[in-house]
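**Q** If it helps, the file is called protein-v5.csv and holds CSV, C-alpha atoms and all ligand atoms:
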```csv
chain,number,residue,atom,x,y,z
A,1,MET,CA,138.9,51.2,105.7
A,2,SER,CA,142.5,51.8,104.6
A,3,ARG,CA,145.4,51.3,107.0
A,4,ALA,CA,146.0,55.0,107.1
A,5,ASP,CA,142.4,55.6,108.1
A,6,ARG,CA,142.9,53.7,111.3
A,7,THR,CA,145.8,55.9,112.4
A,8,ILE,CA,145.0,59.2,114.2
A,9,GLY,CA,148.0,61.4,115.0
A,10,ARG,CA,150.8,59.3,116.5
A,11,THR,CA,148.5,56.8,118.1
A,12,HIS,CA,147.3,53.7,116.3
A,13,VAL,CA,143.7,53.2,117.2
A,14,GLY,CA,143.4,49.8,115.6
A,15,ARG,CA,144.2,46.6,117.5
A,16,GLY,CA,147.9,47.4,117.6
A,17,ALA,CA,147.7,50.4,120.0
A,18,VAL,CA,150.9,51.3,121.8
A,19,ARG,CA,150.4,53.2,125.1
A,20,ALA,CA,152.9,55.8,126.2
A,21,PHE,CA,155.1,54.2,128.9
A,22,GLU,CA,157.4,56.2,131.2
A,23,TYR,CA,159.9,54.9,133.7
A,24,ARG,CA,158.4,56.0,137.1
A,25,GLY,CA,160.5,54.0,139.5
A,26,PRO,CA,162.2,50.7,140.1
A,27,ILE,CA,160.6,47.4,139.2
A,28,GLU,CA,161.0,44.6,141.6
A,29,THR,CA,161.4,40.9,141.0
A,30,GLU,CA,162.1,38.1,143.4
A,31,ARG,CA,165.9,38.7,143.5
A,32,LEU,CA,166.4,41.9,141.5
A,33,VAL,CA,165.5,45.5,141.2
A,34,LEU,CA,165.3,47.0,137.7
A,35,ARG,CA,166.2,50.7,137.8
A,36,ALA,CA,167.0,53.5,135.4
A,37,VAL,CA,170.6,53.9,134.2
A,38,GLU,CA,172.6,56.7,136.0
A,39,PRO,CA,175.8,58.5,135.4
A,40,SER,CA,177.5,56.7,138.2
A,41,ASP,CA,177.0,53.4,136.3
A,42,PHE,CA,179.9,54.1,134.0
A,43,ASP,CA,182.3,51.5,135.5
A,44,VAL,CA,179.9,48.6,135.2
A,45,VAL,CA,178.7,49.6,131.7
A,46,PHE,CA,182.3,49.9,130.5
A,47,ALA,CA,183.1,46.5,132.1
A,48,MET,CA,180.3,44.9,130.2
A,49,ARG,CA,181.0,46.5,126.9
A,50,SER,CA,184.7,46.0,126.9
A,51,ASP,CA,184.6,42.3,127.6
A,52,PRO,CA,185.2,40.2,124.4
A,53,GLU,CA,183.0,37.3,125.7
A,54,VAL,CA,180.1,39.6,126.4
A,55,VAL,CA,180.1,41.3,122.9
A,56,ARG,CA,180.9,38.1,121.0
A,57,TYR,CA,177.4,37.7,119.5
A,58,LEU,CA,176.4,41.4,119.6
A,59,TYR,CA,176.5,43.8,116.6
A,60,TRP,CA,179.4,45.8,118.1
A,61,GLY,CA,182.9,44.8,119.1
A,62,VAL,CA,184.8,45.5,122.3
A,63,GLN,CA,184.1,49.2,123.1
A,64,THR,CA,186.6,51.8,124.2
A,65,ALA,CA,185.9,54.0,127.3
A,66,GLU,CA,184.7,56.7,125.0
A,67,GLU,CA,182.2,54.5,123.2
A,68,ALA,CA,180.9,53.0,126.5
A,69,ARG,CA,180.4,56.6,127.8
A,70,ALA,CA,178.4,57.4,124.7
A,71,ALA,CA,176.3,54.3,125.2
A,72,LEU,CA,175.8,55.2,128.9
A,73,GLU,CA,174.6,58.6,128.0
A,74,GLN,CA,172.1,57.1,125.6
A,75,ARG,CA,170.9,54.6,128.1
A,76,ILE,CA,170.4,57.4,130.7
A,77,SER,CA,168.1,59.1,128.3
A,78,PHE,CA,166.1,55.9,127.4
A,79,ARG,CA,163.3,56.3,129.9
A,80,ALA,CA,160.1,56.3,127.9
A,81,ILE,CA,158.4,54.6,125.0
A,82,ARG,CA,156.0,56.8,123.2
A,83,GLY,CA,156.6,55.8,119.6
A,84,GLU,CA,158.7,53.9,117.1
A,85,GLY,CA,162.4,53.7,117.9
A,86,ASP,CA,161.9,54.6,121.5
A,87,VAL,CA,163.8,52.5,124.0
A,88,LEU,CA,163.4,51.8,127.7
A,89,ALA,CA,166.8,50.9,129.3
A,90,VAL,CA,167.3,49.5,132.8
A,91,LEU,CA,170.0,47.9,134.9
A,92,ALA,CA,169.1,44.9,137.1
A,93,VAL,CA,170.6,45.2,140.6
A,94,LEU,CA,170.9,42.3,143.0
A,95,LYS,CA,168.7,43.0,146.0
A,96,ALA,CA,171.0,41.0,148.3
A,97,THR,CA,174.2,42.9,147.5
A,98,GLY,CA,173.4,46.0,145.5
A,99,GLU,CA,175.6,44.8,142.6
A,100,VAL,CA,174.6,45.5,139.0
A,101,THR,CA,174.1,42.1,137.3
A,102,ALA,CA,172.4,42.9,134.0
A,103,ASP,CA,171.6,45.5,131.4
A,104,LEU,CA,168.2,45.3,129.6
A,105,ILE,CA,166.3,47.2,126.9
A,106,LEU,CA,162.8,47.2,125.5
A,107,ARG,CA,162.6,48.9,122.1
A,108,CYS,CA,159.5,49.9,120.1
A,109,LEU,CA,160.3,48.2,116.7
A,110,SER,CA,157.0,49.2,115.1
A,111,GLN,CA,154.3,51.5,116.4
A,112,GLU,CA,151.9,50.7,113.6
A,113,HIS,CA,152.2,47.0,114.1
A,114,SER,CA,152.6,47.2,117.9
A,115,VAL,CA,155.9,45.3,118.0
A,116,GLY,CA,158.5,45.5,120.7
A,117,GLU,CA,162.0,43.9,121.1
A,118,ILE,CA,163.8,42.9,124.2
A,119,GLY,CA,167.5,42.6,124.7
A,120,PHE,CA,169.8,41.7,127.6
A,121,ILE,CA,173.4,41.4,128.8
A,122,VAL,CA,174.4,39.8,132.1
A,123,LEU,CA,177.9,40.4,133.5
A,124,PRO,CA,180.0,37.3,133.1
A,125,GLU,CA,180.4,36.8,136.9
A,126,HIS,CA,176.6,36.7,137.3
A,127,GLN,CA,175.7,34.5,134.4
A,128,GLY,CA,174.1,31.0,134.8
A,129,ARG,CA,172.0,31.9,137.8
A,130,GLY,CA,168.7,32.7,136.0
A,131,TYR,CA,169.1,36.5,136.2
A,132,ALA,CA,168.6,37.2,132.5
A,133,THR,CA,165.4,35.1,132.6
A,134,GLU,CA,164.1,36.8,135.7
A,135,ALA,CA,164.9,40.3,134.6
A,136,ALA,CA,163.6,39.8,131.0
A,137,ARG,CA,160.3,38.4,132.3
A,138,ALA,CA,159.9,41.7,134.1
A,139,MET,CA,160.6,43.5,130.9
A,140,LEU,CA,157.9,41.4,129.1
A,141,ALA,CA,155.5,42.5,131.8
A,142,VAL,CA,156.3,46.1,131.0
A,143,ALA,CA,156.0,45.4,127.3
A,144,PHE,CA,152.6,43.7,127.4
A,145,ASP,CA,151.0,45.2,130.5
A,146,GLY,CA,152.6,48.6,130.5
A,147,VAL,CA,153.2,49.5,126.8
A,148,GLY,CA,150.5,47.2,125.5
A,149,PHE,CA,152.5,45.7,122.6
A,150,HIS,CA,150.8,43.1,120.6
A,151,ARG,CA,154.0,41.2,119.9
A,152,VAL,CA,157.5,41.1,121.5
A,153,GLU,CA,160.5,39.8,119.6
A,154,GLY,CA,164.0,38.7,120.5
A,155,HIS,CA,166.7,38.8,117.8
A,156,LEU,CA,170.0,37.0,118.2
A,157,ASP,CA,173.0,35.5,116.5
A,158,ALA,CA,172.1,31.9,115.8
A,159,ARG,CA,175.2,30.8,117.6
A,160,ASN,CA,174.1,32.4,120.8
A,161,ALA,CA,172.8,29.3,122.6
A,162,ALA,CA,172.6,30.9,126.1
A,163,SER,CA,170.4,33.7,124.7
A,164,ALA,CA,168.2,31.3,122.8
A,165,ARG,CA,167.7,29.3,126.0
A,166,VAL,CA,166.7,32.4,127.9
A,167,LEU,CA,164.0,33.2,125.3
A,168,GLU,CA,162.8,29.7,125.4
A,169,LYS,CA,162.6,29.7,129.2
A,170,LEU,CA,160.5,32.9,128.9
A,171,GLY,CA,158.1,30.9,126.7
A,172,MET,CA,158.9,32.7,123.5
A,173,ARG,CA,158.5,30.8,120.2
A,174,ARG,CA,161.4,30.3,117.7
A,175,GLU,CA,159.8,31.7,114.5
A,176,ALA,CA,162.8,32.1,112.2
A,177,HIS,CA,166.3,31.0,111.5
A,178,LEU,CA,167.5,33.5,108.8
A,179,VAL,CA,170.5,32.0,107.1
A,180,GLU,CA,173.4,34.3,106.6
A,181,ASN,CA,171.1,37.4,106.4
A,182,GLU,CA,173.5,39.8,108.0
A,183,TRP,CA,177.1,40.9,107.4
A,184,VAL,CA,178.5,41.6,110.9
A,185,LYS,CA,182.1,41.8,112.1
A,186,ASP,CA,183.5,40.9,108.7
A,187,GLU,CA,181.4,37.7,108.2
A,188,TRP,CA,178.0,36.5,107.1
A,189,GLN,CA,175.9,35.7,110.2
A,190,SER,CA,172.6,33.9,110.7
A,191,GLU,CA,169.9,35.3,112.9
A,192,LEU,CA,167.2,33.7,115.1
A,193,VAL,CA,163.9,35.4,115.7
A,194,TYR,CA,161.8,34.5,118.8
A,195,ALA,CA,158.4,36.0,119.5
A,196,MET,CA,155.5,36.1,121.9
A,197,LEU,CA,152.0,37.6,121.5
A,198,ASP,CA,150.1,39.5,124.1
A,199,ARG,CA,147.5,36.7,124.3
A,200,GLU,CA,150.2,34.2,125.0
A,201,TRP,CA,151.8,36.2,127.8
A,202,PRO,CA,149.3,35.5,130.6
A,203,ALA,CA,149.9,31.7,130.4
A,204,THR,CA,153.7,32.2,130.6
A,205,ARG,CA,154.1,35.0,133.2
A,206,ARG,CA,154.9,34.1,136.8
A,301,LIG,C1,172.7,35.4,127.2
A,301,LIG,C2,172.9,35.9,128.6
A,301,LIG,C3,172.2,37.2,128.8
A,301,LIG,C4,172.2,34.8,129.5
A,301,LIG,O1,172.3,35.3,130.9
A,301,LIG,P1,172.2,34.4,132.1
A,301,LIG,O2,171.8,35.2,133.3
A,301,LIG,O3,173.3,33.5,132.2
A,301,LIG,O4,170.8,33.6,131.7
A,301,LIG,P2,170.0,32.5,132.6
A,301,LIG,O5,170.9,32.1,133.8
A,301,LIG,O6,168.7,33.2,132.9
A,301,LIG,O7,169.8,31.3,131.6
A,301,LIG,C5,170.8,30.9,130.8
A,301,LIG,C6,170.5,29.5,130.2
A,301,LIG,O8,171.3,29.2,129.1
A,301,LIG,C7,172.0,28.0,129.3
A,301,LIG,N1,173.3,28.2,128.7
A,301,LIG,C8,174.4,28.9,129.0
A,301,LIG,N2,175.4,28.8,128.2
A,301,LIG,C9,174.9,27.9,127.2
A,301,LIG,C10,175.5,27.4,126.1
A,301,LIG,N3,176.8,27.7,125.7
A,301,LIG,N4,174.8,26.5,125.3
A,301,LIG,C11,173.6,26.2,125.7
A,301,LIG,N5,172.9,26.7,126.8
A,301,LIG,C12,173.6,27.5,127.5
A,301,LIG,C13,172.1,27.9,130.8
A,301,LIG,O9,172.3,26.6,131.2
A,301,LIG,C14,170.7,28.4,131.2
A,301,LIG,O10,169.7,27.4,130.9
A,301,LIG,P3,169.1,26.5,132.0
A,301,LIG,O11,168.4,27.4,133.1
A,301,LIG,O12,168.1,25.6,131.3
A,301,LIG,O13,170.2,25.7,132.6
A,301,LIG,C15,174.4,36.0,128.9
A,301,LIG,O14,175.0,34.8,128.6
A,301,LIG,C16,175.1,37.2,128.3
A,301,LIG,O15,175.0,38.3,128.8
A,301,LIG,N6,175.7,37.0,127.1
A,301,LIG,C17,176.4,38.0,126.4
A,301,LIG,C18,175.5,39.1,125.9
A,301,LIG,C19,174.5,38.5,124.9
A,301,LIG,O16,174.8,37.7,124.1
A,301,LIG,N7,173.2,38.9,125.1
A,301,LIG,C20,172.1,38.4,124.3
A,301,LIG,C21,172.0,39.2,123.1
A,301,LIG,S1,170.8,38.6,122.0
```
Translate the structure of the given file into structure tokens.
Ligand SMILES: CC(C)(COP(=O)(O)OP(=O)(O)OC[C@H]1O[C@@H](n2cnc3c(N)ncnc32)[C@H](O)[C@@H]1OP(=O)(O)O)[C@@H](O)C(=O)NCCC(=O)NCCS
**A**
Amino acid sequence: MSRADRTIGRTHVGRGAVRAFEYRGPIETERLVLRAVEPSDFDVVFAMRSDPEVVRYLYWGVQTAEEARAALEQRISFRAIRGEGDVLAVLAVLKATGEVTADLILRCLSQEHSVGEIGFIVLPEHQGRGYATEAARAMLAVAFDGVGFHRVEGHLDARNAASARVLEKLGMRREAHLVENEWVKDEWQSELVYAMLDREWPATRR
């Protein structure tokens, strides 16, 4: 059977099936609530995206208010994963205070191969308290139990030690160190790739 034979319409019927997943309400963790992004989140999204420390290892530089507003609009619309390129975006809010602490995404990198990617940003004043790890673990639950991805990856600048540590704490495996594979912000940069498979997830979830 060819690869094409195993694909019917937009849904892969082989091992790598991806289920449609729609945001239907907040997701709770011990200390956080992960909720959809709303228009009133502009200030916090702008604060994150205009901070040089936050964007240091990201693909983009410090954003203007206009760029942050465009990013906010996108994130508001990122509420479902139905196929390749779709993104689910959430903000993590501290249960104790109602403050936004983090911005997270889950993207469908490949529908055919059933691969998702997670990404996260924590506001500087909330870093170092385990929020990225706690919120990203909830996103892995969405990825494996909700969407049904076979594999979830994390891609990062090789200098981003805090991000690598988060992915390690989640139980993801460092699979690649790609040396100077990207030209970003006027320099060659190296990339790390971490991954976890669906069959590995049950042993690492908490
Ligand atoms: C990466 C990031 C999300 C981590 O958020 P966080 O809430 O502080 O993460 P956690 O508290 O869950 O875990 C951070 C871990 O990294 C460690 N760490 C922090 N800075 C580090 C550094 N410079 N070198 C090595 N480890 C570091 C912490 O000690 C902690 O590990 P530990 O629990 O074993 O002590 C946050 O630093 C951030 O938003 N950075 C800017 C945006 C970014 O780069 N996002 C990732 C894109 S791939």
**Q** Determine the nearest neighbour of Asp157 in chain A from the options A:Arg49, A:Arg174, A:Arg19, A:Arg56, counting only C-alpha atoms.
**A**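 Between A:Arg49, A:Arg174, A:Arg19, A:Arg56, the residue approaching Asp157 in chain A most closely is A:Arg56.
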**Q** Out of A:Arg69, A:Arg31, A:Arg151, A:Arg24, which residue has the shortest atom-to-atom distance to Asp43 in chain A when counting all atoms listed in the file?
**A**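 So, comparing all the options, the nearest one is A:Arg69.
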**Q** Compile the contact shell of Val152 in chain A as a PyMOL selection string: residues with an atom at most 7 Å away, counting all atoms listed in the file, same-chain residues fewer than 4 positions apart removed.
**A** chain A and resi 115-117+195-197
**Q** Where does chain A meet ligand LIG 301 (chain A) within 6 Å, residue by residue, with the nearest atom pair and distance in Å to one decimal for each, counting all atoms listed in the file, listed by chain and rising number, as a Markdown table?
**A**
```
| residue | atom | partner | partner_atom | distance |
| --- | --- | --- | --- | --- |
| A:Val54 | CA | A:LIG301 | C17 | 4.0 |
| A:Val55 | CA | A:LIG301 | C18 | 5.9 |
| A:Tyr57 | CA | A:LIG301 | O16 | 5.3 |
| A:Gly119 | CA | A:LIG301 | S1 | 5.8 |
| A:Phe120 | CA | A:LIG301 | N7 | 5.1 |
| A:Ile121 | CA | A:LIG301 | O15 | 3.5 |
| A:Val122 | CA | A:LIG301 | O15 | 3.7 |
| A:Leu123 | CA | A:LIG301 | O15 | 5.9 |
| A:Gln127 | CA | A:LIG301 | O3 | 3.4 |
| A:Gly128 | CA | A:LIG301 | O5 | 3.5 |
| A:Arg129 | CA | A:LIG301 | O5 | 4.2 |
| A:Gly130 | CA | A:LIG301 | O6 | 3.1 |
| A:Tyr131 | CA | A:LIG301 | O2 | 4.2 |
| A:Ala132 | CA | A:LIG301 | O2 | 3.9 |
| A:Thr133 | CA | A:LIG301 | O6 | 3.8 |
| A:His155 | CA | A:LIG301 | S1 | 5.9 |
| A:Leu156 | CA | A:LIG301 | S1 | 4.2 |
| A:Ala161 | CA | A:LIG301 | N4 | 4.4 |
| A:Ala162 | CA | A:LIG301 | O8 | 3.7 |
| A:Ser163 | CA | A:LIG301 | C1 | 3.8 |
| A:Arg165 | CA | A:LIG301 | O8 | 4.8 |
| A:Val166 | CA | A:LIG301 | O7 | 5.0 |
```
**Q** Measuring atom to atom with all atoms listed in the file, identify which of A:Leu106, A:Val179, A:Val193, A:Val90 is nearest to Leu34 in chain A.
**A** A:Val90
**Q** Pick out the closest residue to Lys95 in chain A from this set: A:Arg137, A:Arg35, A:Arg79, A:His150. Count only C-alpha atoms.
**A**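 Going through A:Arg137, A:Arg35, A:Arg79, A:His150 one by one, the smallest distance to Lys95 in chain A is for A:Arg35.
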**Q** Just give me the gap between CA of Ala138 in chain A and CA of Ser40 in chain A in Å, one decimal is fine.
**A**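 Taking CA of Ala138 in chain A as the start and CA of Ser40 in chain A as the end point, the length is 23.5 Å.
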**Q** Applying 7 Å and all atoms listed in the file, which residues near Gly83 in chain A remain after dropping the ones on its own chain fewer than 3 positions away? List them as a list of chain:residue names.
**A**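 In the requested format, the answer is A:Asp86, A:Cys108, A:Gln111.
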**Q** With C-alpha atoms kept, could you save the residues just selected as a tab-separated table (two decimals), in the frame of the given file?
**A**
```tsv
chain	number	residue	atom	x	y	z
A	86	ASP	CA	161.90	54.60	121.50
A	108	CYS	CA	159.50	49.90	120.10
A	111	GLN	CA	154.30	51.50	116.40
```
**Q** For range 59-68 of chain A, work out the shell of residues within 12 Å, counting all atoms listed in the file and skipping chain neighbours fewer than 5 positions away, then give it as a PyMOL selection string.
**A** chain A and resi 39+41-54+73-75+155-157+182-187+189+191
**Q** Calculated over all atoms listed in the file, which of the candidates A:Asp198, A:Asp103, A:Glu38, A:Glu168 has the smallest distance to Ser77 in chain A?
**A**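 Nearest to Ser77 in chain A: A:Glu38.
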**Q** Report, in Å with one decimal, the straight-line distance from CA of Tyr194 in chain A to CA of Leu167 in chain A.
**A** 7.0 Å
**Q** Given only C-alpha atoms as the basis, pick out the residue of A:Ala158, A:Val93, A:Pro202, A:Glu84 nearest to Asn181 in chain A.
**A**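 Going through A:Ala158, A:Val93, A:Pro202, A:Glu84 one by one, the smallest distance to Asn181 in chain A is for A:Ala158.
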**Q** Compile the contact shell of Gly146 in chain A as a list in words: residues with an atom at most 7 Å away, counting only C-alpha atoms, same-chain residues fewer than 4 positions apart removed.
**A**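 The filter keeps Phe21, Ala141 and Val142 of chain A.
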**Q** Those same residues - C-alpha atoms - I'd like them written as a compact mmCIF listing (two decimals), keeping the file's coordinate frame.
**A**
```txt
# COMPACT_ATOMS: atom_id res chain seq x y z
CA PHE A 21 155.10 54.20 128.90
CA ALA A 141 155.50 42.50 131.80
CA VAL A 142 156.30 46.10 131.00
```
**Q** Please, what distance in Å, to one decimal, runs between CA of Ala203 in chain A and CA of His177 in chain A?
**A**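 Distance between the two atoms: 25.0 Å.
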**Q** I want to know what sits within 6 Å of Phe78 in chain A, based on all atoms listed in the file, with residues of the same chain fewer than 3 positions away left out; could you give that as a list of chain:residue names?
**A** A:Arg75, A:Val87, A:Leu88, A:Ala89
**Q** Take range 51-83 of chain A, bring it up to N, CA and C atoms, and give me the output as a PDB file, in the frame of the given file.
**A**
```pdb
ATOM      1  N   ASP A  51     184.236  43.672 127.361  1.00  0.00           N
ATOM      2  CA  ASP A  51     184.600  42.300 127.600  1.00  0.00           C
ATOM      3  C   ASP A  51     184.287  41.474 126.279  1.00  0.00           C
ATOM      4  N   PRO A  52     185.341  40.865 125.710  1.00  0.00           N
ATOM      5  CA  PRO A  52     185.200  40.200 124.400  1.00  0.00           C
ATOM      6  C   PRO A  52     184.121  39.052 124.482  1.00  0.00           C
ATOM      7  N   GLU A  53     184.010  38.373 125.612  1.00  0.00           N
ATOM      8  CA  GLU A  53     183.000  37.300 125.700  1.00  0.00           C
ATOM      9  C   GLU A  53     181.591  37.844 125.697  1.00  0.00           C
ATOM     10  N   VAL A  54     181.399  38.990 126.322  1.00  0.00           N
ATOM     11  CA  VAL A  54     180.100  39.600 126.400  1.00  0.00           C
ATOM     12  C   VAL A  54     179.624  40.044 124.972  1.00  0.00           C
ATOM     13  N   VAL A  55     180.541  40.655 124.232  1.00  0.00           N
ATOM     14  CA  VAL A  55     180.100  41.300 122.900  1.00  0.00           C
ATOM     15  C   VAL A  55     180.235  40.277 121.769  1.00  0.00           C
ATOM     16  N   ARG A  56     180.677  39.060 122.034  1.00  0.00           N
ATOM     17  CA  ARG A  56     180.900  38.100 121.000  1.00  0.00           C
ATOM     18  C   ARG A  56     179.784  37.989 119.949  1.00  0.00           C
ATOM     19  N   TYR A  57     178.558  37.891 120.437  1.00  0.00           N
ATOM     20  CA  TYR A  57     177.400  37.700 119.500  1.00  0.00           C
ATOM     21  C   TYR A  57     176.586  38.971 119.347  1.00  0.00           C
ATOM     22  N   LEU A  58     177.135  40.109 119.728  1.00  0.00           N
ATOM     23  CA  LEU A  58     176.400  41.400 119.600  1.00  0.00           C
ATOM     24  C   LEU A  58     176.875  42.057 118.279  1.00  0.00           C
ATOM     25  N   TYR A  59     176.168  43.106 117.881  1.00  0.00           N
ATOM     26  CA  TYR A  59     176.500  43.800 116.600  1.00  0.00           C
ATOM     27  C   TYR A  59     177.821  44.530 116.709  1.00  0.00           C
ATOM     28  N   TRP A  60     178.167  44.959 117.927  1.00  0.00           N
ATOM     29  CA  TRP A  60     179.400  45.800 118.100  1.00  0.00           C
ATOM     30  C   TRP A  60     180.504  44.977 118.693  1.00  0.00           C
ATOM     31  N   GLY A  61     181.719  45.474 118.502  1.00  0.00           N
ATOM     32  CA  GLY A  61     182.900  44.800 119.100  1.00  0.00           C
ATOM     33  C   GLY A  61     183.212  45.389 120.439  1.00  0.00           C
ATOM     34  N   VAL A  62     184.358  45.003 120.974  1.00  0.00           N
ATOM     35  CA  VAL A  62     184.800  45.500 122.300  1.00  0.00           C
ATOM     36  C   VAL A  62     184.850  47.046 122.216  1.00  0.00           C
ATOM     37  N   GLN A  63     184.237  47.691 123.182  1.00  0.00           N
ATOM     38  CA  GLN A  63     184.100  49.200 123.100  1.00  0.00           C
ATOM     39  C   GLN A  63     185.250  49.826 123.946  1.00  0.00           C
ATOM     40  N   THR A  64     185.629  51.006 123.475  1.00  0.00           N
ATOM     41  CA  THR A  64     186.600  51.800 124.200  1.00  0.00           C
ATOM     42  C   THR A  64     185.775  52.569 125.324  1.00  0.00           C
ATOM     43  N   ALA A  65     186.513  53.213 126.227  1.00  0.00           N
ATOM     44  CA  ALA A  65     185.900  54.000 127.300  1.00  0.00           C
ATOM     45  C   ALA A  65     184.967  55.065 126.707  1.00  0.00           C
ATOM     46  N   GLU A  66     185.438  55.657 125.630  1.00  0.00           N
ATOM     47  CA  GLU A  66     184.700  56.700 125.000  1.00  0.00           C
ATOM     48  C   GLU A  66     183.360  56.219 124.420  1.00  0.00           C
ATOM     49  N   GLU A  67     183.442  55.052 123.766  1.00  0.00           N
ATOM     50  CA  GLU A  67     182.200  54.500 123.200  1.00  0.00           C
ATOM     51  C   GLU A  67     181.252  54.026 124.286  1.00  0.00           C
ATOM     52  N   ALA A  68     181.812  53.478 125.363  1.00  0.00           N
ATOM     53  CA  ALA A  68     180.900  53.000 126.500  1.00  0.00           C
ATOM     54  C   ALA A  68     180.280  54.254 127.126  1.00  0.00           C
ATOM     55  N   ARG A  69     181.019  55.371 127.190  1.00  0.00           N
ATOM     56  CA  ARG A  69     180.400  56.600 127.800  1.00  0.00           C
ATOM     57  C   ARG A  69     179.273  57.085 126.925  1.00  0.00           C
ATOM     58  N   ALA A  70     179.442  57.011 125.617  1.00  0.00           N
ATOM     59  CA  ALA A  70     178.400  57.400 124.700  1.00  0.00           C
ATOM     60  C   ALA A  70     177.144  56.519 124.882  1.00  0.00           C
ATOM     61  N   ALA A  71     177.421  55.217 125.016  1.00  0.00           N
ATOM     62  CA  ALA A  71     176.300  54.300 125.200  1.00  0.00           C
ATOM     63  C   ALA A  71     175.618  54.526 126.540  1.00  0.00           C
ATOM     64  N   LEU A  72     176.413  54.858 127.561  1.00  0.00           N
ATOM     65  CA  LEU A  72     175.800  55.200 128.900  1.00  0.00           C
ATOM     66  C   LEU A  72     174.923  56.377 128.785  1.00  0.00           C
ATOM     67  N   GLU A  73     175.406  57.416 128.111  1.00  0.00           N
ATOM     68  CA  GLU A  73     174.600  58.600 128.000  1.00  0.00           C
ATOM     69  C   GLU A  73     173.266  58.332 127.307  1.00  0.00           C
ATOM     70  N   GLN A  74     173.325  57.505 126.259  1.00  0.00           N
ATOM     71  CA  GLN A  74     172.100  57.100 125.600  1.00  0.00           C
ATOM     72  C   GLN A  74     171.152  56.397 126.511  1.00  0.00           C
ATOM     73  N   ARG A  75     171.718  55.445 127.240  1.00  0.00           N
ATOM     74  CA  ARG A  75     170.900  54.600 128.100  1.00  0.00           C
ATOM     75  C   ARG A  75     170.260  55.467 129.251  1.00  0.00           C
ATOM     76  N   ILE A  76     170.983  56.478 129.693  1.00  0.00           N
ATOM     77  CA  ILE A  76     170.400  57.400 130.700  1.00  0.00           C
ATOM     78  C   ILE A  76     169.166  58.049 130.180  1.00  0.00           C
ATOM     79  N   SER A  77     169.215  58.361 128.884  1.00  0.00           N
ATOM     80  CA  SER A  77     168.100  59.100 128.300  1.00  0.00           C
ATOM     81  C   SER A  77     166.928  58.173 127.860  1.00  0.00           C
ATOM     82  N   PHE A  78     167.170  56.865 127.855  1.00  0.00           N
ATOM     83  CA  PHE A  78     166.100  55.900 127.400  1.00  0.00           C
ATOM     84  C   PHE A  78     165.171  55.590 128.519  1.00  0.00           C
ATOM     85  N   ARG A  79     164.220  56.490 128.751  1.00  0.00           N
ATOM     86  CA  ARG A  79     163.300  56.300 129.900  1.00  0.00           C
ATOM     87  C   ARG A  79     161.857  56.221 129.550  1.00  0.00           C
ATOM     88  N   ALA A  80     161.523  56.293 128.281  1.00  0.00           N
ATOM     89  CA  ALA A  80     160.100  56.300 127.900  1.00  0.00           C
ATOM     90  C   ALA A  80     159.902  55.680 126.539  1.00  0.00           C
ATOM     91  N   ILE A  81     158.762  55.052 126.360  1.00  0.00           N
ATOM     92  CA  ILE A  81     158.400  54.600 125.000  1.00  0.00           C
ATOM     93  C   ILE A  81     157.078  55.283 124.662  1.00  0.00           C
ATOM     94  N   ARG A  82     157.205  56.104 123.626  1.00  0.00           N
ATOM     95  CA  ARG A  82     156.000  56.800 123.200  1.00  0.00           C
ATOM     96  C   ARG A  82     155.733  56.525 121.710  1.00  0.00           C
ATOM     97  N   GLY A  83     156.745  56.062 121.002  1.00  0.00           N
ATOM     98  CA  GLY A  83     156.600  55.800 119.600  1.00  0.00           C
ATOM     99  C   GLY A  83     157.726  54.981 119.043  1.00  0.00           C
TER     100      GLY A  83
END
```
